[in-house]
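Take a look at the structure set out below.
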Amino acid sequence: MRLDYVSIFPDFFAPLALSLPGKAAASGLLDVRVHDLRTWTHDRHRTVDDSPYGGGAGMVMRPEPWGEAFDALLPDRPAPPGESRPTVVFTTPSGERFDQRLAEELASRDHLVFACGRYEGIDQRVVDHARERAEVREISLGDYVLNGGEVAALAITEAVVRLLPGFMGNAASLVEESHAESGLLEYPVYTKPPQWRGHEVPAVLRSGDHAKIAAWRHEQAVRRTAERRPDLLTPSVLDDGTPIVRAAPGDAGELLTLQRACWVQEALANDMLDIPALHESLDDVRTWLGEWDTWVVRRAGRLVGAVRGRREPGTDGEDGDLWDIGRIMVAPDLQGSGLGRALLEHIQAVAPAGVTSYVLFTGAASVRNQQMYKKAGFRLRRDLPAPPGAVVLTKRRR
Ligand code: ADE
């Protein structure tokens, strides 16, 4: 990946030579170039700013040095087919807010150019002009104002480059950490010694029971997220304001009840009793709850709807680009109310960045389900393998 930084304070980027980014640059994974914007000025004072048209406080960065910087750093022709365009990142408090999803998106680019503004900002025509020659993202580090965009560019760089294949030693630790796949904050972690200054490592972590450990960690992650970042737990609400929330391990019993109700119906509609979901035990539900991103809806305290999604591994064992959707379940008395459609929409929306298609299975004779999926843009795929009595539907992510 090539990284260019344009700033009037190039010294800010000295830390890029340290630690992991430094090593990645030395190994050829990163090609890092830092530029002083004043290189592209031509007056004695190397001026980069002027007063704003229309009046107001502060100074605005003039367009000419930026235009020359882009002439030097961006190709002047559109990229040939199959080759990606560079992405210019303007770091600004009025941009879209940076998050893990955006980090993943930027990590897929070949060439990022960070344009770091100072003062009251950069003349808008610079952004408009960059858009003619590159993909442009205006990105804010958060809802606060820094003195300039340099620190934001460094933070974005660190979040992005650690996602590049070959940058970090342990790919699994990338998946498990806060804000990754699950959308939850990370659970608390412990190491030796087992007792320290009167504080003990929770016994479950030393039990060796991996299913129990996974359930405990999930519960801790949900609890932490509910306390510190409740906004992460309720990204969707139904029309009447009912939230769609992440399932907790304690929902397993009610999920089993809902699943039995729904799958008896499926079994009758498809005239087959050997649908695996119909025969699952409470332990089976507990197990898949730990493995799938599962969401539920409660009405008057009753669990009335659920859906789950999971990223399929790619052929190389890494994350694939397919989001497997399943177990869309609606209590019998609420079927036909639009809840199933809302759950289907929700589970597509929460698919992680990098997912490019959705896949789901339904009974070959479940006509109503198939109609709902088709209305939602899914296509029946008779060319793809499906379990006996089922059909596959897929949809490309927009
Ligand atoms: N420049 C000044 N404040 C900023 C912020 N919050 N994010 C990105 N760039 C900035």
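Labels used: A, B, ... for chains in the order of the structure tokens, numbers from 1 for residues in each chain, and numbers from 1 for ligands as shown.
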
Nearby residues (only C-alpha atoms) at most 8 Å from region 222-236 of chain A, same-chain spacing under 4 positions excluded, as a JSON list (two decimals) with N, CA and C atoms, in the first residue's frame:
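In the end it all went to out_30.json:
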[["chain", "number", "residue", "atom", "x", "y", "z"],
["A", 183, "GLY", "N", -19.20, -6.23, 16.72],
["A", 183, "GLY", "CA", -19.80, -4.94, 17.03],
["A", 183, "GLY", "C", -19.90, -4.70, 18.53],
["A", 184, "LEU", "N", -19.25, -5.55, 19.32],
["A", 184, "LEU", "CA", -19.26, -5.38, 20.78],
["A", 184, "LEU", "C", -17.88, -4.93, 21.24],
["A", 185, "LEU", "N", -17.83, -4.31, 22.42],
["A", 185, "LEU", "CA", -16.54, -4.02, 23.03],
["A", 185, "LEU", "C", -15.92, -5.34, 23.50],
["A", 187, "TYR", "N", -14.30, -8.25, 25.71],
["A", 187, "TYR", "CA", -14.43, -8.75, 27.09],
["A", 187, "TYR", "C", -13.13, -8.50, 27.85],
["A", 218, "HIS", "N", -18.76, -13.74, 26.00],
["A", 218, "HIS", "CA", -19.82, -13.06, 25.24],
["A", 218, "HIS", "C", -20.68, -12.22, 26.18],
["A", 243, "PRO", "N", -36.70, -1.90, 19.72],
["A", 243, "PRO", "CA", -35.34, -2.13, 19.21],
["A", 243, "PRO", "C", -35.09, -3.58, 18.81],
["A", 244, "ILE", "N", -34.22, -3.77, 17.83],
["A", 244, "ILE", "CA", -33.69, -5.09, 17.51],
["A", 244, "ILE", "C", -32.35, -5.15, 18.24],
["A", 245, "VAL", "N", -32.21, -6.06, 19.19],
["A", 245, "VAL", "CA", -31.01, -6.08, 20.02],
["A", 245, "VAL", "C", -30.25, -7.39, 19.87],
["A", 246, "ARG", "N", -28.97, -7.35, 20.22],
["A", 246, "ARG", "CA", -28.17, -8.58, 20.16],
["A", 246, "ARG", "C", -28.67, -9.58, 21.18],
["A", 248, "ALA", "N", -28.53, -12.41, 23.97],
["A", 248, "ALA", "CA", -27.61, -12.75, 25.07],
["A", 248, "ALA", "C", -27.69, -14.25, 25.30],
["A", 346, "HIS", "N", -32.38, -5.89, 8.71],
["A", 346, "HIS", "CA", -31.42, -5.61, 9.77],
["A", 346, "HIS", "C", -30.16, -6.48, 9.63]]

To test your reading of the structure, identify every residue in region 104-292 of chain A that backbone DSSP assigns to strand (DSSP E), and report it as a PyMOL selection string. chain A and resi 111-116+135-140+195-196+199-200+236-237+243-246

Set out as a Markdown table a contact list for chain A and ligand 1 with a cut-off of 8 Å, giving each residue of chain A that qualifies its closest atom pair and distance in Å to one decimal, counting only C-alpha atoms and all ligand atoms, ordered by chain and rising residue number.
| residue | atom | partner | partner_atom_place_in_ligand_line | distance |
| --- | --- | --- | --- | --- |
| A:Phe90 | CA | ligand 1 | 9 (N) | 7.7 |
| A:Thr91 | CA | ligand 1 | 9 (N) | 4.0 |
| A:Thr92 | CA | ligand 1 | 9 (N) | 3.5 |
| A:Pro93 | CA | ligand 1 | 5 (C) | 3.9 |
| A:Ser94 | CA | ligand 1 | 5 (C) | 7.5 |
| A:Gly95 | CA | ligand 1 | 8 (C) | 7.3 |
| A:Arg97 | CA | ligand 1 | 7 (N) | 8.0 |
| A:Cys116 | CA | ligand 1 | 9 (N) | 7.5 |
| A:Gly117 | CA | ligand 1 | 1 (N) | 6.8 |
| A:Arg118 | CA | ligand 1 | 1 (N) | 7.2 |
| A:Ile139 | CA | ligand 1 | 8 (C) | 6.0 |
| A:Ser140 | CA | ligand 1 | 7 (N) | 3.5 |
| A:Leu141 | CA | ligand 1 | 7 (N) | 3.8 |
| A:Gly142 | CA | ligand 1 | 6 (N) | 4.8 |
| A:Asp143 | CA | ligand 1 | 6 (N) | 5.8 |
| A:Tyr144 | CA | ligand 1 | 6 (N) | 4.8 |
| A:Val145 | CA | ligand 1 | 3 (N) | 3.8 |
| A:Leu146 | CA | ligand 1 | 3 (N) | 3.7 |
| A:Asn147 | CA | ligand 1 | 2 (C) | 5.4 |
| A:Gly148 | CA | ligand 1 | 1 (N) | 4.3 |
| A:Gly149 | CA | ligand 1 | 1 (N) | 4.0 |
| A:Glu150 | CA | ligand 1 | 9 (N) | 7.3 |
| A:Val151 | CA | ligand 1 | 9 (N) | 7.5 |
| A:Ala152 | CA | ligand 1 | 8 (C) | 4.9 |
| A:Ala153 | CA | ligand 1 | 8 (C) | 7.4 |

Suppose we keep N, CA, C and O atoms; can you now write the selection as a compact mmCIF listing (two decimals), in the first residue's frame?
# COMPACT_ATOMS: atom_id res chain seq x y z
N PHE A 90 -9.27 13.57 3.30
CA PHE A 90 -9.15 14.88 3.95
C PHE A 90 -9.53 14.68 5.41
O PHE A 90 -10.66 14.26 5.70
N THR A 91 -8.62 14.94 6.32
CA THR A 91 -8.96 14.82 7.74
C THR A 91 -9.55 16.15 8.20
O THR A 91 -8.90 17.19 8.11
N THR A 92 -10.78 16.10 8.66
CA THR A 92 -11.51 17.31 9.00
C THR A 92 -12.59 17.01 10.04
O THR A 92 -13.22 15.94 9.96
N PRO A 93 -12.81 17.93 11.00
CA PRO A 93 -13.87 17.66 11.98
C PRO A 93 -15.26 17.61 11.35
O PRO A 93 -16.20 17.13 11.97
N SER A 94 -15.40 18.08 10.09
CA SER A 94 -16.74 18.01 9.48
C SER A 94 -16.89 16.81 8.55
O SER A 94 -17.81 16.77 7.73
N GLY A 95 -16.02 15.81 8.70
CA GLY A 95 -16.13 14.63 7.86
C GLY A 95 -17.00 13.54 8.46
O GLY A 95 -17.57 13.72 9.54
N ARG A 97 -17.57 10.10 10.46
CA ARG A 97 -16.81 9.70 11.64
C ARG A 97 -16.05 8.41 11.38
O ARG A 97 -16.60 7.45 10.86
N CYS A 116 -3.88 16.95 5.05
CA CYS A 116 -4.11 17.41 6.42
C CYS A 116 -4.27 18.92 6.44
O CYS A 116 -3.31 19.66 6.19
N GLY A 117 -5.47 19.36 6.75
CA GLY A 117 -5.74 20.79 6.79
C GLY A 117 -5.37 21.39 8.13
O GLY A 117 -5.25 20.70 9.13
N ARG A 118 -5.18 22.70 8.10
CA ARG A 118 -4.96 23.49 9.33
C ARG A 118 -5.88 24.70 9.26
O ARG A 118 -6.59 24.89 8.29
N ILE A 139 -12.89 12.71 6.48
CA ILE A 139 -13.02 11.87 7.66
C ILE A 139 -12.67 12.63 8.93
O ILE A 139 -11.66 13.34 8.99
N SER A 140 -13.52 12.47 9.94
CA SER A 140 -13.27 13.06 11.26
C SER A 140 -12.90 11.95 12.23
O SER A 140 -13.47 10.87 12.20
N LEU A 141 -11.96 12.26 13.09
CA LEU A 141 -11.55 11.27 14.09
C LEU A 141 -12.60 11.12 15.18
O LEU A 141 -12.73 10.06 15.80
N GLY A 142 -13.38 12.16 15.41
CA GLY A 142 -14.39 12.10 16.46
C GLY A 142 -15.01 13.47 16.63
O GLY A 142 -14.60 14.44 15.97
N ASP A 143 -15.97 13.55 17.54
CA ASP A 143 -16.72 14.80 17.69
C ASP A 143 -15.99 15.77 18.61
O ASP A 143 -16.47 16.09 19.70
N TYR A 144 -14.83 16.16 18.20
CA TYR A 144 -14.05 17.18 18.91
C TYR A 144 -13.13 17.82 17.88
O TYR A 144 -12.92 17.28 16.79
N VAL A 145 -12.59 18.99 18.23
CA VAL A 145 -11.78 19.71 17.25
C VAL A 145 -10.31 19.69 17.65
O VAL A 145 -9.95 20.08 18.76
N LEU A 146 -9.47 19.22 16.75
CA LEU A 146 -8.03 19.23 16.94
C LEU A 146 -7.46 20.48 16.28
O LEU A 146 -8.17 21.18 15.56
N ASN A 147 -6.18 20.72 16.48
CA ASN A 147 -5.59 21.90 15.85
C ASN A 147 -5.35 21.71 14.37
O ASN A 147 -5.16 22.66 13.63
N GLY A 148 -5.32 20.45 13.94
CA GLY A 148 -5.09 20.17 12.53
C GLY A 148 -5.32 18.71 12.28
O GLY A 148 -5.59 17.94 13.22
N GLY A 149 -5.20 18.30 11.03
CA GLY A 149 -5.56 16.93 10.68
C GLY A 149 -4.45 15.90 10.84
O GLY A 149 -4.67 14.72 10.56
N GLU A 150 -3.27 16.32 11.28
CA GLU A 150 -2.13 15.39 11.30
C GLU A 150 -2.33 14.23 12.27
O GLU A 150 -2.07 13.07 11.93
N VAL A 151 -2.77 14.55 13.49
CA VAL A 151 -2.96 13.48 14.48
C VAL A 151 -4.04 12.52 14.00
O VAL A 151 -3.92 11.29 14.15
N ALA A 152 -5.07 13.06 13.37
CA ALA A 152 -6.14 12.21 12.83
C ALA A 152 -5.57 11.28 11.75
O ALA A 152 -5.88 10.08 11.71
N ALA A 153 -4.71 11.83 10.88
CA ALA A 153 -4.14 11.00 9.81
C ALA A 153 -3.29 9.88 10.39
O ALA A 153 -3.32 8.74 9.90

Choose the residue, out of A:Val355, A:Leu163, A:Leu380, A:Cys262, that has the smallest atom-to-atom separation from Leu334 (chain A); count only C-alpha atoms.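 Looking only at the distances to Leu334 (chain A), the closest residue turns out to be A:Cys262.
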
As number ranges by chain, list the residues of region 69-242 of chain A assigned to helix (DSSP H, G or I) by DSSP on the backbone atoms of this structure. A: 69-73, 100-107, 124-133, 150-161, 171-176, 203-206, 210-228, 230-233
